[in-house]
$ cat work_15.cif   # mmCIF, C-alpha atoms
data_structure
#
loop_
_atom_site.label_atom_id
_atom_site.label_comp_id
_atom_site.auth_asym_id
_atom_site.auth_seq_id
_atom_site.Cartn_x
_atom_site.Cartn_y
_atom_site.Cartn_z
CA MET A 1 104.21 49.43 -90.44
CA SER A 2 103.53 46.23 -88.61
CA ILE A 3 100.36 44.36 -87.87
CA GLU A 4 101.32 44.37 -84.19
CA PHE A 5 100.82 48.13 -83.89
CA THR A 6 97.51 47.93 -85.72
CA ILE A 7 96.39 45.25 -83.27
CA LEU A 8 97.54 47.42 -80.35
CA ALA A 9 95.53 50.28 -81.88
CA PHE A 10 92.44 48.07 -81.97
CA LEU A 11 93.10 46.91 -78.40
CA SER A 12 93.34 50.54 -77.29
CA THR A 13 89.57 50.69 -77.90
CA GLY A 14 88.92 47.84 -75.47
CA PRO A 15 89.49 44.11 -74.97
CA LEU A 16 89.17 41.94 -78.08
CA SER A 17 89.56 38.30 -79.00
CA GLY A 18 91.56 37.04 -81.96
CA TYR A 19 88.25 36.35 -83.70
CA ASP A 20 87.13 39.95 -83.11
CA LEU A 21 90.39 41.21 -84.60
CA LYS A 22 90.11 38.93 -87.63
CA LYS A 23 86.64 40.36 -88.30
CA LEU A 24 87.92 43.94 -88.06
CA PHE A 25 90.71 43.21 -90.55
CA ALA A 26 88.35 41.38 -92.88
CA GLU A 27 85.88 44.28 -92.85
CA SER A 28 88.50 46.82 -93.94
CA GLU A 29 89.95 47.14 -97.42
CA ALA A 30 92.13 49.97 -96.11
CA LEU A 31 94.44 47.84 -93.98
CA PRO A 32 97.35 46.08 -95.67
CA TRP A 33 96.66 42.70 -94.03
CA SER A 34 93.94 40.19 -94.62
CA GLY A 35 93.80 39.30 -90.95
CA ASN A 36 94.15 35.58 -91.50
CA ASN A 37 94.74 33.23 -88.56
CA ASN A 38 98.51 33.15 -88.97
CA GLN A 39 98.84 36.93 -89.02
CA VAL A 40 96.55 37.75 -86.12
CA TYR A 41 97.34 34.91 -83.73
CA ARG A 42 101.11 35.05 -84.29
CA ALA A 43 101.02 38.79 -83.57
CA LEU A 44 98.88 38.30 -80.45
CA VAL A 45 101.27 35.68 -79.09
CA GLY A 46 104.17 38.08 -79.63
CA LEU A 47 102.36 41.02 -78.05
CA HIS A 48 101.50 38.90 -75.01
CA ARG A 49 105.04 37.52 -74.77
CA ASP A 50 106.48 41.05 -74.91
CA GLY A 51 104.10 42.32 -72.21
CA LEU A 52 102.27 44.67 -74.57
CA ALA A 53 98.95 42.83 -74.22
CA SER A 54 97.49 40.77 -71.41
CA LEU A 55 95.47 37.61 -71.96
CA GLU A 56 92.36 36.46 -70.14
CA VAL A 57 90.77 33.12 -70.93
CA GLN A 58 87.00 33.37 -70.61
CA GLN A 59 84.98 30.17 -70.33
CA PRO A 60 81.39 30.72 -71.47
CA ALA A 61 78.59 28.50 -70.21
CA GLU A 62 78.57 26.81 -73.61
CA GLY A 63 81.14 26.54 -76.35
CA PRO A 64 84.90 26.82 -76.41
CA ALA A 65 87.01 29.06 -74.22
CA ARG A 66 87.57 32.56 -75.51
CA LYS A 67 90.96 34.28 -75.28
CA VAL A 68 90.51 38.01 -74.80
CA TYR A 69 93.44 40.41 -75.10
CA THR A 70 93.79 43.81 -73.45
CA ILE A 71 96.46 46.41 -74.08
CA THR A 72 98.81 46.85 -71.10
CA PRO A 73 100.39 50.09 -69.87
CA LYS A 74 103.60 48.97 -71.62
CA GLY A 75 101.54 48.46 -74.79
CA ILE A 76 100.01 51.93 -74.50
CA THR A 77 103.51 53.41 -74.16
CA ALA A 78 104.75 51.49 -77.21
CA LEU A 79 101.67 52.49 -79.21
CA GLY A 80 102.17 56.15 -78.24
CA GLU A 81 105.81 56.03 -79.35
CA TRP A 82 104.76 54.47 -82.66
CA LEU A 83 102.05 57.12 -83.15
CA ARG A 84 104.64 59.88 -82.72
CA SER A 85 107.25 58.22 -84.97
CA GLY A 86 107.79 58.85 -88.68
CA ILE A 87 104.94 58.15 -91.07
CA GLU A 88 105.32 56.10 -94.23
CA THR A 89 104.02 57.55 -97.47
CA PRO A 90 101.36 55.58 -99.37
CA GLN A 91 102.41 53.03 -101.94
CA LEU A 92 101.64 54.27 -105.44
CA ARG A 93 102.59 51.18 -107.40
CA ALA A 94 99.84 49.59 -109.45
CA PRO A 95 100.13 46.40 -111.55
CA ILE A 96 98.32 48.00 -114.50
CA LEU A 97 101.26 50.38 -114.93
CA SER A 98 103.60 47.51 -115.78
CA ARG A 99 101.23 46.45 -118.55
CA LEU A 100 100.98 49.99 -119.87
CA ILE A 101 104.76 50.21 -120.28
CA ALA A 102 104.48 47.64 -123.09
CA ALA A 103 101.03 48.66 -124.28
CA ASP A 104 102.43 50.39 -127.35
CA LEU A 105 102.77 46.88 -128.80
CA LEU A 106 98.97 46.56 -128.79
CA LEU A 107 96.61 47.74 -131.47
CA ALA A 108 94.49 50.71 -130.37
CA GLU A 109 91.42 48.46 -130.01
CA ASP A 110 93.32 45.96 -127.86
CA LEU A 111 94.70 48.70 -125.63
CA ASP A 112 91.22 50.13 -125.21
CA LEU A 113 89.93 46.64 -124.38
CA LEU A 114 92.65 46.24 -121.73
CA LEU A 115 91.70 49.57 -120.17
CA SER A 116 88.00 48.76 -120.46
CA ARG A 117 88.49 45.47 -118.58
CA TYR A 118 90.54 47.27 -115.92
CA ALA A 119 87.82 49.92 -115.57
CA GLU A 120 85.22 47.16 -115.17
CA GLU A 121 87.25 45.45 -112.45
CA ILE A 122 87.51 48.77 -110.62
CA ARG A 123 83.78 49.38 -111.04
CA LEU A 124 82.89 45.95 -109.63
CA ARG A 125 85.23 46.33 -106.67
CA LEU A 126 83.86 49.79 -106.03
CA LEU A 127 80.27 48.49 -106.09
CA GLY A 128 81.22 45.80 -103.57
CA LEU A 129 82.86 48.28 -101.21
CA GLU A 130 79.99 50.74 -101.51
CA GLU A 131 77.54 47.95 -100.65
CA ILE A 132 79.61 47.00 -97.59
CA GLU A 133 79.71 50.64 -96.56
CA ARG A 134 75.94 50.99 -97.10
CA ARG A 135 75.16 47.92 -94.97
CA SER A 136 77.62 48.72 -92.22
CA GLY A 137 76.41 50.66 -89.27
CA GLY A 138 80.04 51.46 -88.53
CA PRO A 139 82.09 50.17 -85.66
CA ALA A 140 80.45 49.86 -82.30
CA PHE A 141 83.64 50.25 -80.30
CA GLY A 142 85.71 53.11 -78.97
CA SER A 143 84.94 56.78 -78.57
CA ALA A 144 82.91 58.85 -81.01
CA ARG A 145 86.21 60.22 -82.39
CA GLN A 146 87.57 56.69 -82.88
CA ARG A 147 84.38 55.69 -84.70
CA LEU A 148 84.70 58.73 -86.96
CA LEU A 149 88.32 57.86 -87.71
CA TRP A 150 87.41 54.22 -88.46
CA GLU A 151 84.60 55.37 -90.77
CA ARG A 152 87.05 57.59 -92.67
CA ILE A 153 89.68 54.82 -92.79
CA ASN A 154 87.14 52.50 -94.40
CA SER A 155 85.95 55.15 -96.88
CA ARG A 156 89.50 55.72 -98.19
CA PRO A 157 89.60 52.69 -100.53
CA ILE A 158 86.36 53.89 -102.11
CA GLN A 159 87.85 57.32 -102.69
CA LEU A 160 91.02 55.80 -104.15
CA LEU A 161 89.06 53.55 -106.48
CA ARG A 162 86.96 56.50 -107.65
CA ALA A 163 90.16 58.40 -108.41
CA GLU A 164 91.54 55.37 -110.29
CA GLU A 165 88.28 55.13 -112.22
CA GLU A 166 88.65 58.79 -113.25
CA TRP A 167 92.31 58.25 -114.20
CA VAL A 168 91.36 55.36 -116.52
CA ARG A 169 88.55 57.43 -118.05
CA GLU A 170 90.97 60.31 -118.74
CA LEU A 171 93.61 57.94 -120.15
CA ARG A 172 91.08 56.32 -122.50
CA TRP A 173 89.92 59.75 -123.63
CA ALA A 174 93.52 60.93 -124.24
CA LEU A 175 94.30 57.77 -126.23
CA ALA A 176 91.14 58.17 -128.31
CA ARG A 177 92.13 61.78 -129.11
CA PHE A 178 95.66 60.63 -129.95
CA GLU A 179 94.36 57.97 -132.34
CA LYS A 180 92.02 60.47 -134.00
CA ASP A 181 94.64 63.19 -134.39
CA SER A 182 97.78 61.18 -135.20
CA PRO A 183 98.73 60.53 -138.81
CA ARG A 184 98.43 56.94 -139.94
#
$ encode --input "work_15.cif" --output "structure tokens"
Amino acid sequence: MSIEFTILAFLSTGPLSGYDLKKLFAESEALPWSGNNNQVYRALVGLHRDGLASLEVQQPAEGPARKVYTITPKGITALGEWLRSGIETPQLRAPILSRLIAADLLLAEDLDLLLSRYAEEIRLRLLGLEEIERRSGGPAFGSARQRLLWERINSRPIQLLRAEEEWVRELRWALARFEKDSPR
């Protein structure tokens, strides 16, 4: 997947500036990019160069000029081809798993502490995302169907973190049972 197609997808909802795009990336934990200046503006330059997006410079009465990008017919065709192409499966790698490979070296209390700290990090991140979701009125762009899709895209990280929270809870429970039942 490339950031360019995600930007074209956003542009398919209507004209947007680089700043608008950066905000959309920043507001979503679901997308694999942070949406920093280098990522967004480099992609926009390439999309414009390749004829996939047009550029209009708008000069407001006050303040700096604003560059607004719009998807072109060539961009719509490219986006449609990408939408119909093969889909990547989600990445299932998690850094905690590397630690757990060697966790047998830890005392039971230290392993539980490691998992407890991990569970707390998940809990805090989950609280942050739930607060963002609570405050957000949802996107104000695109069709009702696009808004529904965007809402579900942004709820996915919360669902994944809840599943991870449950996985840690079950692992801690299984380890506690193991420690209780295993001979010393």
$ resolve_selection --input "work_15.cif" --expression "the PyMOL selection byres ((chain A and resi 57) around 12)" --output "PDB file with C-alpha atoms, in the coordinates of the input"
ATOM      1  CA  PRO A  15      89.490  44.110 -74.970  1.00  0.00           C
ATOM      2  CA  LEU A  16      89.170  41.940 -78.080  1.00  0.00           C
ATOM      3  CA  SER A  17      89.560  38.300 -79.000  1.00  0.00           C
ATOM      4  CA  GLY A  18      91.560  37.040 -81.960  1.00  0.00           C
ATOM      5  CA  SER A  54      97.490  40.770 -71.410  1.00  0.00           C
ATOM      6  CA  LEU A  55      95.470  37.610 -71.960  1.00  0.00           C
ATOM      7  CA  GLU A  56      92.360  36.460 -70.140  1.00  0.00           C
ATOM      8  CA  GLN A  58      87.000  33.370 -70.610  1.00  0.00           C
ATOM      9  CA  GLN A  59      84.980  30.170 -70.330  1.00  0.00           C
ATOM     10  CA  PRO A  60      81.390  30.720 -71.470  1.00  0.00           C
ATOM     11  CA  PRO A  64      84.900  26.820 -76.410  1.00  0.00           C
ATOM     12  CA  ALA A  65      87.010  29.060 -74.220  1.00  0.00           C
ATOM     13  CA  ARG A  66      87.570  32.560 -75.510  1.00  0.00           C
ATOM     14  CA  LYS A  67      90.960  34.280 -75.280  1.00  0.00           C
ATOM     15  CA  VAL A  68      90.510  38.010 -74.800  1.00  0.00           C
ATOM     16  CA  TYR A  69      93.440  40.410 -75.100  1.00  0.00           C
ATOM     17  CA  THR A  70      93.790  43.810 -73.450  1.00  0.00           C
TER      18      THR A  70
END
$ closest_residue --input "work_15.cif" --among "A:Ala108, A:Leu52, A:Ala26, A:Ile71" --to "Phe10 of chain A" --atoms "all atoms listed in the file"
A:Ile71
$ closest_residue --input "work_15.cif" --among "A:Leu113, A:Arg84, A:Gln146, A:Glu62" --to "Ser12 of chain A" --atoms "all atoms listed in the file"
A:Gln146
$ closest_residue --input "work_15.cif" --among "A:Leu97, A:Trp150, A:Arg162, A:Leu83" --to "Leu127 of chain A" --atoms "all atoms listed in the file"
A:Arg162
$ closest_residue --input "work_15.cif" --among "A:Glu170, A:Glu179, A:Glu4, A:Glu109" --to "Ala53 of chain A" --atoms "only C-alpha atoms"
A:Glu4
$ atom_distance --input "work_15.cif" --atom1 "atom CA of Arg177 of chain A" --atom2 "atom CA of Ser116 of chain A"
16.2 Å
$ atom_distance --input "work_15.cif" --atom1 "atom CA of Leu44 of chain A" --atom2 "atom CA of Ile7 of chain A"
7.9 Å
$ atom_distance --input "work_15.cif" --atom1 "atom CA of Ser28 of chain A" --atom2 "atom CA of Asn154 of chain A"
5.9 Å
$ residues_near_point --input "work_15.cif" --point "(100.2, 49.3, -83.1)" --cutoff "10 Å" --atoms "all atoms listed in the file" --output "list in words"
Met1, Ser2, Ile3, Glu4, Phe5, Thr6, Ile7, Leu8, Ala9, Phe10, Leu11, Ser12, Leu47, Leu52, Gly75, Ile76, Ala78, Leu79, Gly80, Glu81, Trp82 and Leu83 of chain A
$ residues_around --input "work_15.cif" --residues "Ile96 of chain A" --least-positions-apart "4" --cutoff "12 Å" --atoms "only C-alpha atoms" --output "MDAnalysis selection string"
chainID A and resid 92 100:103 111 114:119 121:122 164 167:168
$ closest_residue --input "work_15.cif" --among "A:Ser155, A:Thr89, A:Thr72, A:Ser98" --to "Gly14 of chain A" --atoms "all atoms listed in the file"
A:Thr72
$ closest_residue --input "work_15.cif" --among "A:Leu31, A:Leu107, A:Leu161, A:Ile87" --to "Arg123 of chain A" --atoms "all atoms listed in the file"
A:Leu161
$ decode --input "work_15.cif" --residues "segment 168-183 of chain A" --atoms "N, CA and C atoms" --output "CSV table (one decimal), in the first residue's frame"
chain,number,residue,atom,x,y,z
A,168,VAL,N,-3.9,-10.4,26.6
A,168,VAL,CA,-2.9,-10.2,27.7
A,168,VAL,C,-3.6,-10.8,29.0
A,169,ARG,N,-4.9,-10.4,29.2
A,169,ARG,CA,-5.6,-10.9,30.4
A,169,ARG,C,-5.6,-12.5,30.4
A,170,GLU,N,-5.9,-13.1,29.2
A,170,GLU,CA,-5.9,-14.5,29.1
A,170,GLU,C,-4.5,-15.1,29.3
A,171,LEU,N,-3.5,-14.5,28.8
A,171,LEU,CA,-2.1,-15.0,29.0
A,171,LEU,C,-1.7,-14.9,30.4
A,172,ARG,N,-2.0,-13.8,31.1
A,172,ARG,CA,-1.7,-13.7,32.5
A,172,ARG,C,-2.4,-14.7,33.3
A,173,TRP,N,-3.7,-15.0,33.0
A,173,TRP,CA,-4.5,-16.0,33.7
A,173,TRP,C,-3.8,-17.4,33.5
A,174,ALA,N,-3.5,-17.7,32.2
A,174,ALA,CA,-2.9,-19.0,31.9
A,174,ALA,C,-1.6,-19.2,32.6
A,175,LEU,N,-0.8,-18.2,32.7
A,175,LEU,CA,0.5,-18.2,33.4
A,175,LEU,C,0.3,-18.4,34.9
A,176,ALA,N,-0.7,-17.7,35.5
A,176,ALA,CA,-1.0,-17.9,36.9
A,176,ALA,C,-1.4,-19.3,37.2
A,177,ARG,N,-2.2,-19.9,36.4
A,177,ARG,CA,-2.7,-21.3,36.5
A,177,ARG,C,-1.5,-22.2,36.4
A,178,PHE,N,-0.6,-21.9,35.4
A,178,PHE,CA,0.6,-22.8,35.2
A,178,PHE,C,1.5,-22.7,36.5
A,179,GLU,N,1.7,-21.6,37.0
A,179,GLU,CA,2.5,-21.4,38.2
A,179,GLU,C,1.9,-22.2,39.4
A,180,LYS,N,0.6,-22.1,39.5
A,180,LYS,CA,-0.1,-22.7,40.6
A,180,LYS,C,0.0,-24.3,40.5
A,181,ASP,N,-0.2,-24.8,39.3
A,181,ASP,CA,-0.3,-26.2,39.1
A,181,ASP,C,1.0,-26.9,38.8
A,182,SER,N,2.1,-26.2,38.4
A,182,SER,CA,3.3,-26.9,38.1
A,182,SER,C,4.1,-27.2,39.3
A,183,PRO,N,4.8,-28.3,39.3
A,183,PRO,CA,5.6,-28.7,40.5
A,183,PRO,C,6.8,-27.8,40.6
